[in-house]
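Quick look at final.txt (compact mmCIF, C-alpha atoms):
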```txt
# COMPACT_ATOMS: atom_id res chain seq x y z
CA MET D 1 0.00 0.00 0.00
CA ASN D 2 1.18 3.52 -0.80
CA LEU D 3 1.49 6.07 1.96
CA ALA D 4 0.50 8.87 -0.43
CA PHE D 5 -0.36 9.66 -4.02
CA ILE D 6 0.92 12.97 -5.43
CA SER D 7 -1.59 14.65 -7.76
CA TYR D 8 -0.14 17.47 -9.88
CA SER D 9 -0.02 19.18 -13.26
CA HIS D 10 3.01 18.26 -15.35
CA HIS D 11 3.97 21.96 -15.17
CA ASP D 12 4.57 21.38 -11.45
CA ALA D 13 6.63 18.23 -11.95
CA LYS D 14 9.74 19.60 -10.21
CA ILE D 15 7.75 20.47 -7.10
CA ALA D 16 6.13 17.02 -7.13
CA GLU D 17 9.56 15.40 -7.39
CA TRP D 18 10.86 17.54 -4.54
CA LEU D 19 7.90 16.63 -2.34
CA GLN D 20 8.26 12.91 -3.06
CA LYS D 21 11.97 12.88 -2.26
CA GLY D 22 11.48 15.02 0.84
CA LEU D 23 8.89 12.67 2.27
CA GLU D 24 10.71 9.46 1.40
CA HIS D 25 13.95 10.76 2.91
CA TYR D 26 12.30 11.97 6.10
CA ARG D 27 13.32 9.77 9.02
CA ILE D 28 11.00 9.14 11.96
CA SER D 29 12.83 9.13 15.29
CA ARG D 30 12.37 5.95 17.32
CA ASN D 31 11.48 7.87 20.46
CA SER D 32 9.20 10.37 18.72
CA GLY D 33 5.95 8.70 19.75
CA TYR D 34 4.54 8.51 16.19
CA ALA D 35 5.01 6.12 13.26
CA ASN D 36 4.36 5.51 9.58
CA PRO D 37 0.56 4.94 9.44
CA VAL D 38 0.94 2.40 6.63
CA ASP D 39 3.91 0.46 8.02
CA PRO D 40 4.57 1.18 11.73
CA SER D 41 7.86 -0.74 11.55
CA SER D 42 9.26 1.64 8.93
CA MET D 43 11.28 4.66 10.02
CA HIS D 44 10.56 6.43 6.71
CA LEU D 45 7.46 7.88 5.01
CA ARG D 46 7.40 5.43 2.11
CA PRO D 47 6.25 4.64 -0.49
CA VAL D 48 4.94 7.84 -2.13
CA PHE D 49 3.51 7.41 -5.65
CA ARG D 50 4.13 10.03 -8.35
CA ASP D 51 2.59 9.20 -11.76
CA ARG D 52 4.57 9.31 -15.02
CA THR D 53 2.91 11.27 -17.82
CA ASP D 54 4.92 9.57 -20.54
CA LEU D 55 3.08 6.23 -20.16
CA ALA D 56 0.51 5.11 -22.73
CA ALA D 57 -2.98 6.41 -22.03
CA GLY D 58 -4.51 3.02 -21.30
CA LEU D 59 -1.70 1.94 -19.03
CA LEU D 60 -1.66 5.31 -17.30
CA TYR D 61 -5.38 5.15 -16.53
CA ASP D 62 -5.13 1.68 -15.01
CA LEU D 63 -1.95 2.56 -13.10
CA ILE D 64 -3.41 5.74 -11.64
CA ASN D 65 -6.66 4.09 -10.57
CA GLN D 66 -4.80 1.23 -8.92
CA ASN D 67 -2.45 3.55 -7.05
CA LEU D 68 -5.26 5.88 -6.05
CA GLU D 69 -7.03 2.92 -4.53
CA ASP D 70 -3.84 1.77 -2.76
CA SER D 71 -2.88 5.19 -1.38
CA MET D 72 -3.81 6.42 2.09
CA PHE D 73 -3.39 10.15 1.32
CA LEU D 74 -3.75 12.35 -1.74
CA LEU D 75 -1.11 15.08 -1.82
CA LEU D 76 -2.71 17.70 -4.05
CA ILE D 77 -0.31 20.27 -5.52
CA CYS D 78 -2.55 23.26 -6.12
CA SER D 79 -1.70 25.71 -8.89
CA ARG D 80 -3.61 27.60 -11.56
CA ARG D 81 -2.56 24.96 -14.12
CA ALA D 82 -3.49 22.12 -11.77
CA ALA D 83 -6.96 23.68 -11.38
CA LYS D 84 -7.45 23.27 -15.12
CA SER D 85 -5.98 19.75 -15.35
CA GLU D 86 -8.48 16.99 -16.16
CA TRP D 87 -6.25 14.34 -14.60
CA VAL D 88 -5.84 16.23 -11.33
CA ASN D 89 -9.60 16.83 -11.13
CA LYS D 90 -10.32 13.11 -11.67
CA GLU D 91 -7.81 12.10 -8.96
CA VAL D 92 -9.44 14.49 -6.49
CA GLN D 93 -12.90 13.25 -7.51
CA TYR D 94 -11.80 9.66 -6.88
CA PHE D 95 -10.98 10.42 -3.23
CA ILE D 96 -14.23 12.34 -2.80
CA ASP D 97 -16.30 9.54 -4.37
CA HIS D 98 -14.68 7.00 -2.08
CA ASP D 99 -15.50 9.06 1.01
CA ARG D 100 -11.81 9.93 1.62
CA TYR D 101 -12.13 13.68 1.39
CA ASP D 102 -10.43 14.24 4.76
CA GLN D 103 -7.35 12.39 3.45
CA ILE D 104 -6.67 15.06 0.82
CA ILE D 105 -3.73 17.35 1.71
CA PRO D 106 -3.67 20.49 -0.50
CA VAL D 107 -0.30 22.23 -1.01
CA VAL D 108 -0.62 25.63 -2.69
CA VAL D 109 2.33 26.51 -4.95
CA ASP D 110 0.62 29.13 -7.15
CA GLY D 111 -2.67 31.05 -7.10
CA ILE D 112 -5.36 31.64 -4.48
CA PRO D 113 -7.32 28.63 -3.15
CA PHE D 114 -11.16 28.68 -2.93
CA SER D 115 -11.26 32.21 -4.38
CA GLY D 116 -13.34 31.51 -7.48
CA SER D 117 -11.22 34.09 -9.29
CA SER D 118 -8.93 33.88 -12.30
CA ARG D 119 -6.18 32.88 -9.86
CA GLU D 120 -8.08 29.88 -8.55
CA CYS D 121 -5.69 26.94 -7.90
CA VAL D 122 -8.12 24.31 -6.55
CA PRO D 123 -9.64 21.72 -8.99
CA PRO D 124 -13.39 22.04 -9.73
CA ALA D 125 -14.22 18.77 -7.93
CA LEU D 126 -12.82 20.08 -4.68
CA LEU D 127 -14.47 23.48 -5.14
CA ALA D 128 -17.85 21.89 -5.71
CA TYR D 129 -17.56 19.59 -2.70
CA THR D 130 -16.58 22.39 -0.32
CA LYS D 131 -19.40 24.53 -1.68
CA GLU D 132 -21.86 21.78 -0.87
CA ASN D 133 -20.15 21.07 2.45
CA PRO D 134 -18.83 24.43 3.70
CA GLU D 135 -18.14 23.03 7.13
CA LYS D 136 -15.54 20.67 5.57
CA GLU D 137 -13.36 23.21 3.77
CA LEU D 138 -9.79 21.92 3.80
CA LEU D 139 -6.98 23.90 5.36
CA CYS D 140 -4.35 24.39 2.66
CA ILE D 141 -0.59 24.41 3.22
CA ASP D 142 0.65 27.55 1.47
CA MET D 143 4.15 26.94 0.14
CA THR D 144 4.34 30.46 -1.29
CA SER D 145 4.39 31.92 2.23
CA GLU D 146 5.74 29.06 4.32
CA GLY D 147 8.73 28.07 2.20
CA GLU D 148 9.94 24.57 1.36
CA PHE D 149 11.07 23.36 4.78
CA ARG D 150 7.98 24.42 6.74
CA THR D 151 5.75 23.12 3.92
CA LEU D 152 7.39 19.70 4.04
CA MET D 153 7.08 19.59 7.84
CA ALA D 154 3.39 20.59 7.58
CA VAL D 155 2.73 17.71 5.13
CA VAL D 156 4.57 15.30 7.45
CA ALA D 157 2.49 16.48 10.42
CA ARG D 158 -0.77 15.93 8.47
CA ILE D 159 0.28 12.43 7.44
CA LEU D 160 1.37 11.46 10.95
CA GLY D 161 -1.65 13.14 12.56
CA VAL D 162 0.42 15.17 15.03
CA PRO D 163 0.74 18.94 15.74
CA PHE D 164 2.94 20.86 13.33
CA ASP D 165 5.19 22.25 16.10
CA MET D 166 6.03 18.76 17.31
CA VAL D 167 7.40 17.74 13.89
CA TYR D 168 8.93 21.13 13.08
CA ASP D 169 10.79 21.54 16.39
CA ARG D 170 12.09 17.96 16.34
CA GLN D 171 13.35 18.35 12.79
CA LEU D 172 15.01 21.66 13.66
CA ARG D 173 16.86 19.95 16.51
CA HIS D 174 17.79 17.12 14.17
CA ARG D 175 19.12 19.61 11.61
CA ARG D 176 21.01 21.50 14.30
CA ASN D 177 22.56 18.28 15.60
CA ARG D 178 23.57 17.28 12.10
CA ILE D 179 25.18 20.68 11.57
CA ILE D 180 27.00 20.40 14.90
CA THR D 181 28.16 16.89 14.01
CA PHE D 182 29.29 18.02 10.57
CA VAL D 183 31.14 21.03 11.98
CA SER D 184 32.73 18.83 14.65
CA ILE D 185 33.91 16.28 12.11
CA LEU D 186 35.15 19.03 9.79
CA SER D 187 36.94 20.73 12.67
CA LEU D 188 38.51 17.43 13.68
CA MET D 189 39.69 16.88 10.12
CA VAL D 190 41.12 20.40 9.93
CA ILE D 191 42.81 20.03 13.31
CA THR D 192 44.16 16.62 12.34
CA ALA D 193 45.52 17.99 9.07
CA PHE D 194 46.92 20.98 10.95
CA TYR D 195 48.64 18.75 13.48
CA ILE D 196 50.00 16.27 10.98
CA LEU D 197 50.79 18.34 7.90
CA THR D 198 51.79 21.76 9.21
CA PRO D 199 55.30 21.86 10.72
CA ILE D 200 56.34 24.10 13.59
CA GLU D 201 59.22 26.57 13.32
CA ASN D 202 61.22 26.35 16.55
CA SER D 203 64.00 28.49 17.97
CA VAL D 204 65.99 28.58 21.20
CA HIS D 205 67.14 31.84 22.78
CA LEU D 206 70.42 31.33 24.67
CA LYS D 207 71.20 33.93 27.31
CA ASP D 208 73.57 34.25 30.23
CA VAL D 209 71.70 35.40 33.31
CA TYR D 210 74.77 37.32 34.53
CA GLY D 211 75.66 38.95 31.24
CA HIS D 212 79.35 37.85 31.25
CA LEU D 213 79.74 35.78 28.13
CA PRO D 214 83.19 34.48 27.17
CA HIS D 215 83.71 33.76 23.49
CA VAL D 216 84.93 30.21 23.76
CA PRO D 217 85.25 27.32 21.31
CA GLY D 218 83.75 23.92 21.91
CA GLY D 219 80.19 24.93 22.80
CA GLU D 220 77.35 22.77 21.50
CA LEU D 221 73.56 22.67 21.55
CA VAL D 222 71.89 19.28 21.03
CA VAL D 223 68.18 19.27 20.17
CA ASP D 224 66.40 15.99 19.49
CA ASN D 225 69.80 14.36 18.89
CA ILE D 226 70.76 17.01 16.31
CA HIS D 227 74.06 18.79 17.12
CA TYR D 228 74.53 22.53 16.65
CA PRO D 229 78.18 23.66 17.11
CA LEU D 230 78.55 27.03 18.82
CA ASN D 231 82.25 27.63 18.04
CA THR D 232 81.66 30.95 16.30
CA MET D 233 78.53 31.63 18.25
CA GLN D 234 77.86 35.01 19.79
CA TYR D 235 75.82 34.07 22.84
CA ASP D 236 72.69 35.98 23.79
CA THR D 237 71.14 35.16 20.44
CA VAL D 238 68.52 32.94 18.88
CA ILE D 239 69.26 29.51 17.40
CA THR D 240 66.84 28.55 14.62
CA LEU D 241 66.07 24.84 14.60
CA PRO D 242 64.76 22.61 11.78
CA SER D 243 60.98 22.43 11.53
CA THR D 244 59.31 20.09 13.98
CA PRO D 245 56.59 17.73 12.58
CA GLY D 246 53.09 18.96 13.31
CA TYR D 247 52.09 15.87 15.25
CA LYS D 248 54.52 16.90 18.01
CA ARG D 249 52.42 19.95 18.86
CA GLY D 250 51.81 20.30 22.56
CA GLY D 251 54.74 18.01 23.35
CA ARG D 252 58.32 18.66 24.38
CA ILE D 253 61.72 18.14 22.77
CA GLU D 254 64.94 17.22 24.54
CA VAL D 255 67.70 19.84 24.71
CA MET D 256 71.29 19.70 26.01
CA PHE D 257 73.76 22.59 26.20
CA THR D 258 77.49 22.14 26.81
CA ALA D 259 80.27 24.73 26.69
CA PRO D 260 83.52 25.46 28.51
CA PHE D 261 83.04 27.63 31.61
CA TYR D 262 79.31 26.84 31.72
CA ASP D 263 77.24 24.29 33.58
CA THR D 264 75.89 21.54 31.37
CA ILE D 265 72.13 21.87 30.91
CA LYS D 266 69.86 18.91 30.15
CA THR D 267 66.20 19.79 29.88
CA SER D 268 63.20 19.75 27.56
CA ILE D 269 61.46 22.67 25.92
CA PRO D 270 57.77 22.94 24.96
CA VAL D 271 56.89 22.77 21.27
CA GLY D 272 53.70 24.79 21.58
CA PHE D 273 50.50 24.64 19.53
CA GLY D 274 51.01 27.38 16.95
CA PHE D 275 53.06 27.72 13.79
CA SER D 276 56.18 28.80 15.66
CA SER D 277 57.67 28.39 19.10
CA GLU D 278 60.56 30.17 20.86
CA SER D 279 62.07 28.94 24.11
CA GLU D 280 64.65 30.52 26.40
CA LEU D 281 67.63 28.69 27.88
CA ASP D 282 69.36 30.44 30.79
CA LEU D 283 73.08 29.66 30.72
CA ILE D 284 74.81 29.40 34.11
CA ARG D 285 78.54 30.01 34.44
CA ASP D 286 80.49 27.38 36.34
CA ASP D 287 83.20 28.26 38.88
CA THR D 288 86.16 28.15 36.44
CA PHE D 289 87.01 31.78 37.15
CA SER D 290 85.92 31.91 40.76
CA LEU D 291 89.41 31.75 42.31
CA PHE D 292 91.99 34.43 41.67
CA GLY D 293 95.22 33.75 43.59
CA GLY D 294 98.97 33.44 43.56
CA GLN D 295 102.19 34.77 45.08
CA ILE D 296 103.80 38.21 45.10
CA ILE D 297 107.58 38.38 45.36
CA SER D 298 110.39 40.95 45.08
CA GLU D 299 113.07 41.01 42.38
CA ASP D 300 115.27 38.63 44.38
CA GLY D 301 112.42 36.15 44.97
CA THR D 302 111.65 37.20 48.52
CA PRO D 303 107.94 36.88 49.35
CA ILE D 304 106.27 40.23 50.01
CA LYS D 305 103.98 40.31 53.02
CA GLY D 306 101.15 42.82 53.39
CA ALA D 307 100.72 43.66 49.70
CA TYR D 308 97.24 44.96 48.80
CA VAL D 309 95.57 43.11 45.90
CA LYS D 310 92.35 44.22 44.18
CA VAL D 311 90.47 42.28 41.46
CA ALA D 312 86.92 42.98 40.21
CA GLY D 313 86.13 45.00 43.32
CA GLU D 314 87.34 42.25 45.68
CA THR D 315 90.51 42.75 47.82
CA ALA D 316 93.06 40.66 49.74
CA ILE D 317 96.34 41.10 51.68
CA THR D 318 99.31 38.75 51.11
CA ASN D 319 100.48 36.56 54.00
CA GLU D 320 103.99 35.91 55.30
CA LEU D 321 104.81 33.83 52.24
CA GLY D 322 103.42 36.43 49.83
CA PHE D 323 100.32 34.40 48.90
CA PHE D 324 96.81 35.76 48.40
CA ARG D 325 93.45 34.32 47.40
CA ILE D 326 90.33 36.12 46.15
CA TYR D 327 87.04 34.30 45.54
CA LEU D 328 84.96 36.16 42.97
CA PRO D 329 81.18 35.90 43.06
CA ILE D 330 79.80 34.40 39.88
CA GLU D 331 78.37 37.68 38.66
CA ARG D 332 81.92 39.16 38.66
CA GLN D 333 83.68 36.25 37.05
CA ALA D 334 85.08 36.73 33.57
CA GLU D 335 87.68 35.22 31.26
CA GLU D 336 89.84 38.32 31.59
CA GLN D 337 90.36 40.56 34.59
CA THR D 338 92.36 43.63 35.70
CA ILE D 339 94.57 43.35 38.81
CA LEU D 340 95.88 46.13 41.02
CA ILE D 341 98.75 45.43 43.50
CA MET D 342 100.11 48.01 45.94
CA CYS D 343 102.67 47.81 48.76
CA ASP D 344 104.74 50.42 50.59
CA GLY D 345 108.27 50.68 49.12
CA TYR D 346 107.26 49.04 45.85
CA GLN D 347 106.07 50.26 42.50
CA GLU D 348 102.34 49.82 41.89
CA VAL D 349 101.41 46.91 39.64
CA TYR D 350 98.48 47.40 37.30
CA ARG D 351 97.87 44.69 34.74
CA GLU D 352 94.97 44.41 32.36
CA ASP D 353 93.65 41.32 30.53
CA GLU D 354 94.89 39.12 33.34
CA CYS D 355 93.69 35.52 33.00
CA PRO D 356 92.09 34.36 36.27
CA SER D 357 93.96 31.51 37.94
CA ASP D 358 95.00 30.29 41.38
CA ASP D 359 98.74 29.97 40.68
CA LEU D 360 99.71 33.40 39.37
CA LYS D 361 103.03 35.04 40.31
CA TYR D 362 103.75 38.75 40.38
CA ILE D 363 107.11 40.51 40.81
CA MET D 364 107.14 43.93 42.45
CA HIS D 365 110.01 46.35 41.95
CA PRO D 366 111.23 48.76 44.62
CA SER D 367 109.97 52.28 44.27
CA GLU D 368 112.43 54.92 43.08
CA ASP D 369 111.80 57.19 46.07
```
Please re-express this file's structure in structure tokens.
Amino acid sequence: MNLAFISYSHHDAKIAEWLQKGLEHYRISRNSGYANPVDPSSMHLRPVFRDRTDLAAGLLYDLINQNLEDSMFLLLICSRRAAKSEWVNKEVQYFIDHDRYDQIIPVVVDGIPFSGSSRECVPPALLAYTKENPEKELLCIDMTSEGEFRTLMAVVARILGVPFDMVYDRQLRHRRNRIITFVSILSLMVITAFYILTPIENSVHLKDVYGHLPHVPGGELVVDNIHYPLNTMQYDTVITLPSTPGYKRGGRIEVMFTAPFYDTIKTSIPVGFGFSSESELDLIRDDTFSLFGGQIISEDGTPIKGAYVKVAGETAITNELGFFRIYLPIERQAEEQTILIMCDGYQEVYREDECPSDDLKYIMHPSED
């Protein structure tokens, strides 16, 4: 048995096709509380019959009559051309003659229904019946004002015998959920492509927290087992690394820094989530230049006691054997220093570019006075 029979003028064929597909693709929710009146087990509004005007006249007549008999509803597409169609009028008359008038669902696509004017869109059979039975005038679904979606939902509501708002609101939620699902899947695909296909440009900013940076050979930065020599490196700068694969976003990469006069650093730096990522690595000087010491003697090798020694703002006095020791705080350590030595009866010693060490030896000459 057919759920519905679509009656229309061939000039309205596209609308008839749209209505048939819309109904047959409509899905009834399992928890909706209503069902296909022809086949309660079906989740769709099927089948919907739409006649073919290219069949032979005899076959068409038999086919239409059989399908009219087997159809629960008559979906009448009302237009000014349909009002003048003999076939449409006969199909409407069939439902009226078989006492199925209340199973006719008029859908207005052109004209003014029940107006009796030149813009009349209702077939004569239906006009005559409503004139004889004014209390039974059918409520038309006006597609010209409602639009396609609301029209389809109104037809569905009539077929299912439920309020329009129940079907309309449920379908709106269904549409909204489908849009949300589609957007979510699309977003996931975009994010996945972004993560996998788009690399990240990484860089590491090396800086000495004390600002005293010796230019030394042998330094090296190792990132993800890739070695970056720093022999000609001017510290306090940015090292640009090869691009990191996109799938490592949000992770970390292993980093190791080694260089003379600096503590070895083993750590990991964040990759980040964007297109580029810059990390800072604070370099810490070791204590290579922390001790500045030695012996001060006269020309004949005699140790000088009580000599005043000044290095980087720190001072010391030599002992009986002429030895002194100065421990420089890390912020004052450097590869080269300036030393000042003074002692009564001796010429002042002032030496620049002195290399810090703990076994230095200085000779003081008697003053000329």
Residues near stretch 242-258 of chain D, cut-off 10 Å, all atoms listed in the file, skip fewer than 3 positions along chain, as an NGL selection string:
:D and (192-204 or 206 or 218-230 or 239 or 261-277 or 281 or 283)
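Note that the spacing between atom CA of D:Leu19 and atom CA of D:Val48 amounts to 9.3 Å.
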Å distance separating atom CA of D:Glu320 from atom CA of D:Gly306, one decimal place
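That distance, rounded to one decimal, is 7.7 Å.
Atom CA of D:Thr130 to atom CA of D:Gly116 spans 12.0 Å [interatomic distance, one decimal].
The closest residue to D:Ile363, picked from D:Tyr308, D:Asn319, D:Asp300, D:Lys90 and counting only C-alpha atoms, is D:Asp300.
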How would you write as a ChimeraX atom specification the residues that get within 9 Å of (-6.9, 23.7, 2.2) in the file's frame, counting all atoms listed in the file?
/D:104-108,113-114,122,137-142
With the input short on atoms, add N, CA and C atoms back to stretch 78-106 of chain D and write it as a PDB file, keeping the file's coordinate frame.
```pdb
ATOM      1  N   CYS D  78      -1.596  22.296  -5.577  1.00  0.00           N
ATOM      2  CA  CYS D  78      -2.550  23.260  -6.120  1.00  0.00           C
ATOM      3  C   CYS D  78      -1.831  24.408  -6.839  1.00  0.00           C
ATOM      4  N   SER D  79      -2.202  24.583  -8.100  1.00  0.00           N
ATOM      5  CA  SER D  79      -1.700  25.710  -8.890  1.00  0.00           C
ATOM      6  C   SER D  79      -2.775  26.069  -9.907  1.00  0.00           C
ATOM      7  N   ARG D  80      -2.610  27.207 -10.566  1.00  0.00           N
ATOM      8  CA  ARG D  80      -3.610  27.600 -11.560  1.00  0.00           C
ATOM      9  C   ARG D  80      -3.684  26.585 -12.703  1.00  0.00           C
ATOM     10  N   ARG D  81      -2.544  25.992 -13.062  1.00  0.00           N
ATOM     11  CA  ARG D  81      -2.560  24.960 -14.120  1.00  0.00           C
ATOM     12  C   ARG D  81      -3.177  23.670 -13.607  1.00  0.00           C
ATOM     13  N   ALA D  82      -2.901  23.331 -12.343  1.00  0.00           N
ATOM     14  CA  ALA D  82      -3.490  22.120 -11.770  1.00  0.00           C
ATOM     15  C   ALA D  82      -5.013  22.245 -11.707  1.00  0.00           C
ATOM     16  N   ALA D  83      -5.521  23.458 -11.466  1.00  0.00           N
ATOM     17  CA  ALA D  83      -6.960  23.680 -11.380  1.00  0.00           C
ATOM     18  C   ALA D  83      -7.650  23.398 -12.712  1.00  0.00           C
ATOM     19  N   LYS D  84      -6.873  23.492 -13.794  1.00  0.00           N
ATOM     20  CA  LYS D  84      -7.450  23.270 -15.120  1.00  0.00           C
ATOM     21  C   LYS D  84      -7.111  21.881 -15.667  1.00  0.00           C
ATOM     22  N   SER D  85      -6.395  21.067 -14.886  1.00  0.00           N
ATOM     23  CA  SER D  85      -5.980  19.750 -15.350  1.00  0.00           C
ATOM     24  C   SER D  85      -7.096  18.723 -15.158  1.00  0.00           C
ATOM     25  N   GLU D  86      -7.450  18.034 -16.227  1.00  0.00           N
ATOM     26  CA  GLU D  86      -8.480  16.990 -16.160  1.00  0.00           C
ATOM     27  C   GLU D  86      -8.037  15.844 -15.273  1.00  0.00           C
ATOM     28  N   TRP D  87      -6.766  15.455 -15.399  1.00  0.00           N
ATOM     29  CA  TRP D  87      -6.250  14.340 -14.600  1.00  0.00           C
ATOM     30  C   TRP D  87      -6.300  14.675 -13.108  1.00  0.00           C
ATOM     31  N   VAL D  88      -5.838  15.843 -12.746  1.00  0.00           N
ATOM     32  CA  VAL D  88      -5.840  16.230 -11.330  1.00  0.00           C
ATOM     33  C   VAL D  88      -7.260  16.240 -10.786  1.00  0.00           C
ATOM     34  N   ASN D  89      -8.200  16.764 -11.570  1.00  0.00           N
ATOM     35  CA  ASN D  89      -9.600  16.830 -11.130  1.00  0.00           C
ATOM     36  C   ASN D  89     -10.161  15.427 -10.905  1.00  0.00           C
ATOM     37  N   LYS D  90      -9.824  14.483 -11.820  1.00  0.00           N
ATOM     38  CA  LYS D  90     -10.320  13.110 -11.670  1.00  0.00           C
ATOM     39  C   LYS D  90      -9.738  12.450 -10.418  1.00  0.00           C
ATOM     40  N   GLU D  91      -8.448  12.708 -10.137  1.00  0.00           N
ATOM     41  CA  GLU D  91      -7.810  12.100  -8.960  1.00  0.00           C
ATOM     42  C   GLU D  91      -8.441  12.624  -7.670  1.00  0.00           C
ATOM     43  N   VAL D  92      -8.772  13.916  -7.658  1.00  0.00           N
ATOM     44  CA  VAL D  92      -9.440  14.490  -6.490  1.00  0.00           C
ATOM     45  C   VAL D  92     -10.849  13.900  -6.360  1.00  0.00           C
ATOM     46  N   GLN D  93     -11.544  13.777  -7.509  1.00  0.00           N
ATOM     47  CA  GLN D  93     -12.900  13.250  -7.510  1.00  0.00           C
ATOM     48  C   GLN D  93     -12.937  11.811  -6.995  1.00  0.00           C
ATOM     49  N   TYR D  94     -11.881  11.052  -7.330  1.00  0.00           N
ATOM     50  CA  TYR D  94     -11.800   9.660  -6.880  1.00  0.00           C
ATOM     51  C   TYR D  94     -11.818   9.602  -5.350  1.00  0.00           C
ATOM     52  N   PHE D  95     -11.021  10.434  -4.691  1.00  0.00           N
ATOM     53  CA  PHE D  95     -10.980  10.420  -3.230  1.00  0.00           C
ATOM     54  C   PHE D  95     -12.296  10.889  -2.634  1.00  0.00           C
ATOM     55  N   ILE D  96     -12.933  11.857  -3.295  1.00  0.00           N
ATOM     56  CA  ILE D  96     -14.230  12.340  -2.800  1.00  0.00           C
ATOM     57  C   ILE D  96     -15.288  11.246  -2.944  1.00  0.00           C
ATOM     58  N   ASP D  97     -15.303  10.584  -4.109  1.00  0.00           N
ATOM     59  CA  ASP D  97     -16.300   9.540  -4.370  1.00  0.00           C
ATOM     60  C   ASP D  97     -16.149   8.366  -3.418  1.00  0.00           C
ATOM     61  N   HIS D  98     -14.927   8.131  -2.974  1.00  0.00           N
ATOM     62  CA  HIS D  98     -14.680   7.000  -2.080  1.00  0.00           C
ATOM     63  C   HIS D  98     -14.660   7.436  -0.603  1.00  0.00           C
ATOM     64  N   ASP D  99     -15.313   8.568  -0.361  1.00  0.00           N
ATOM     65  CA  ASP D  99     -15.500   9.060   1.010  1.00  0.00           C
ATOM     66  C   ASP D  99     -14.157   9.222   1.751  1.00  0.00           C
ATOM     67  N   ARG D 100     -13.147   9.735   1.028  1.00  0.00           N
ATOM     68  CA  ARG D 100     -11.810   9.930   1.620  1.00  0.00           C
ATOM     69  C   ARG D 100     -11.393  11.402   1.499  1.00  0.00           C
ATOM     70  N   TYR D 101     -12.376  12.250   1.539  1.00  0.00           N
ATOM     71  CA  TYR D 101     -12.130  13.680   1.390  1.00  0.00           C
ATOM     72  C   TYR D 101     -11.155  14.206   2.432  1.00  0.00           C
ATOM     73  N   ASP D 102     -11.283  13.727   3.690  1.00  0.00           N
ATOM     74  CA  ASP D 102     -10.430  14.240   4.760  1.00  0.00           C
ATOM     75  C   ASP D 102      -8.984  13.732   4.663  1.00  0.00           C
ATOM     76  N   GLN D 103      -8.717  12.882   3.641  1.00  0.00           N
ATOM     77  CA  GLN D 103      -7.350  12.390   3.450  1.00  0.00           C
ATOM     78  C   GLN D 103      -6.652  13.128   2.290  1.00  0.00           C
ATOM     79  N   ILE D 104      -7.286  14.203   1.833  1.00  0.00           N
ATOM     80  CA  ILE D 104      -6.670  15.060   0.820  1.00  0.00           C
ATOM     81  C   ILE D 104      -5.874  16.152   1.533  1.00  0.00           C
ATOM     82  N   ILE D 105      -4.612  16.316   1.112  1.00  0.00           N
ATOM     83  CA  ILE D 105      -3.730  17.350   1.710  1.00  0.00           C
ATOM     84  C   ILE D 105      -3.334  18.330   0.621  1.00  0.00           C
ATOM     85  N   PRO D 106      -3.986  19.521   0.552  1.00  0.00           N
ATOM     86  CA  PRO D 106      -3.670  20.490  -0.500  1.00  0.00           C
ATOM     87  C   PRO D 106      -2.395  21.300  -0.167  1.00  0.00           C
TER      88      PRO D 106
END
```
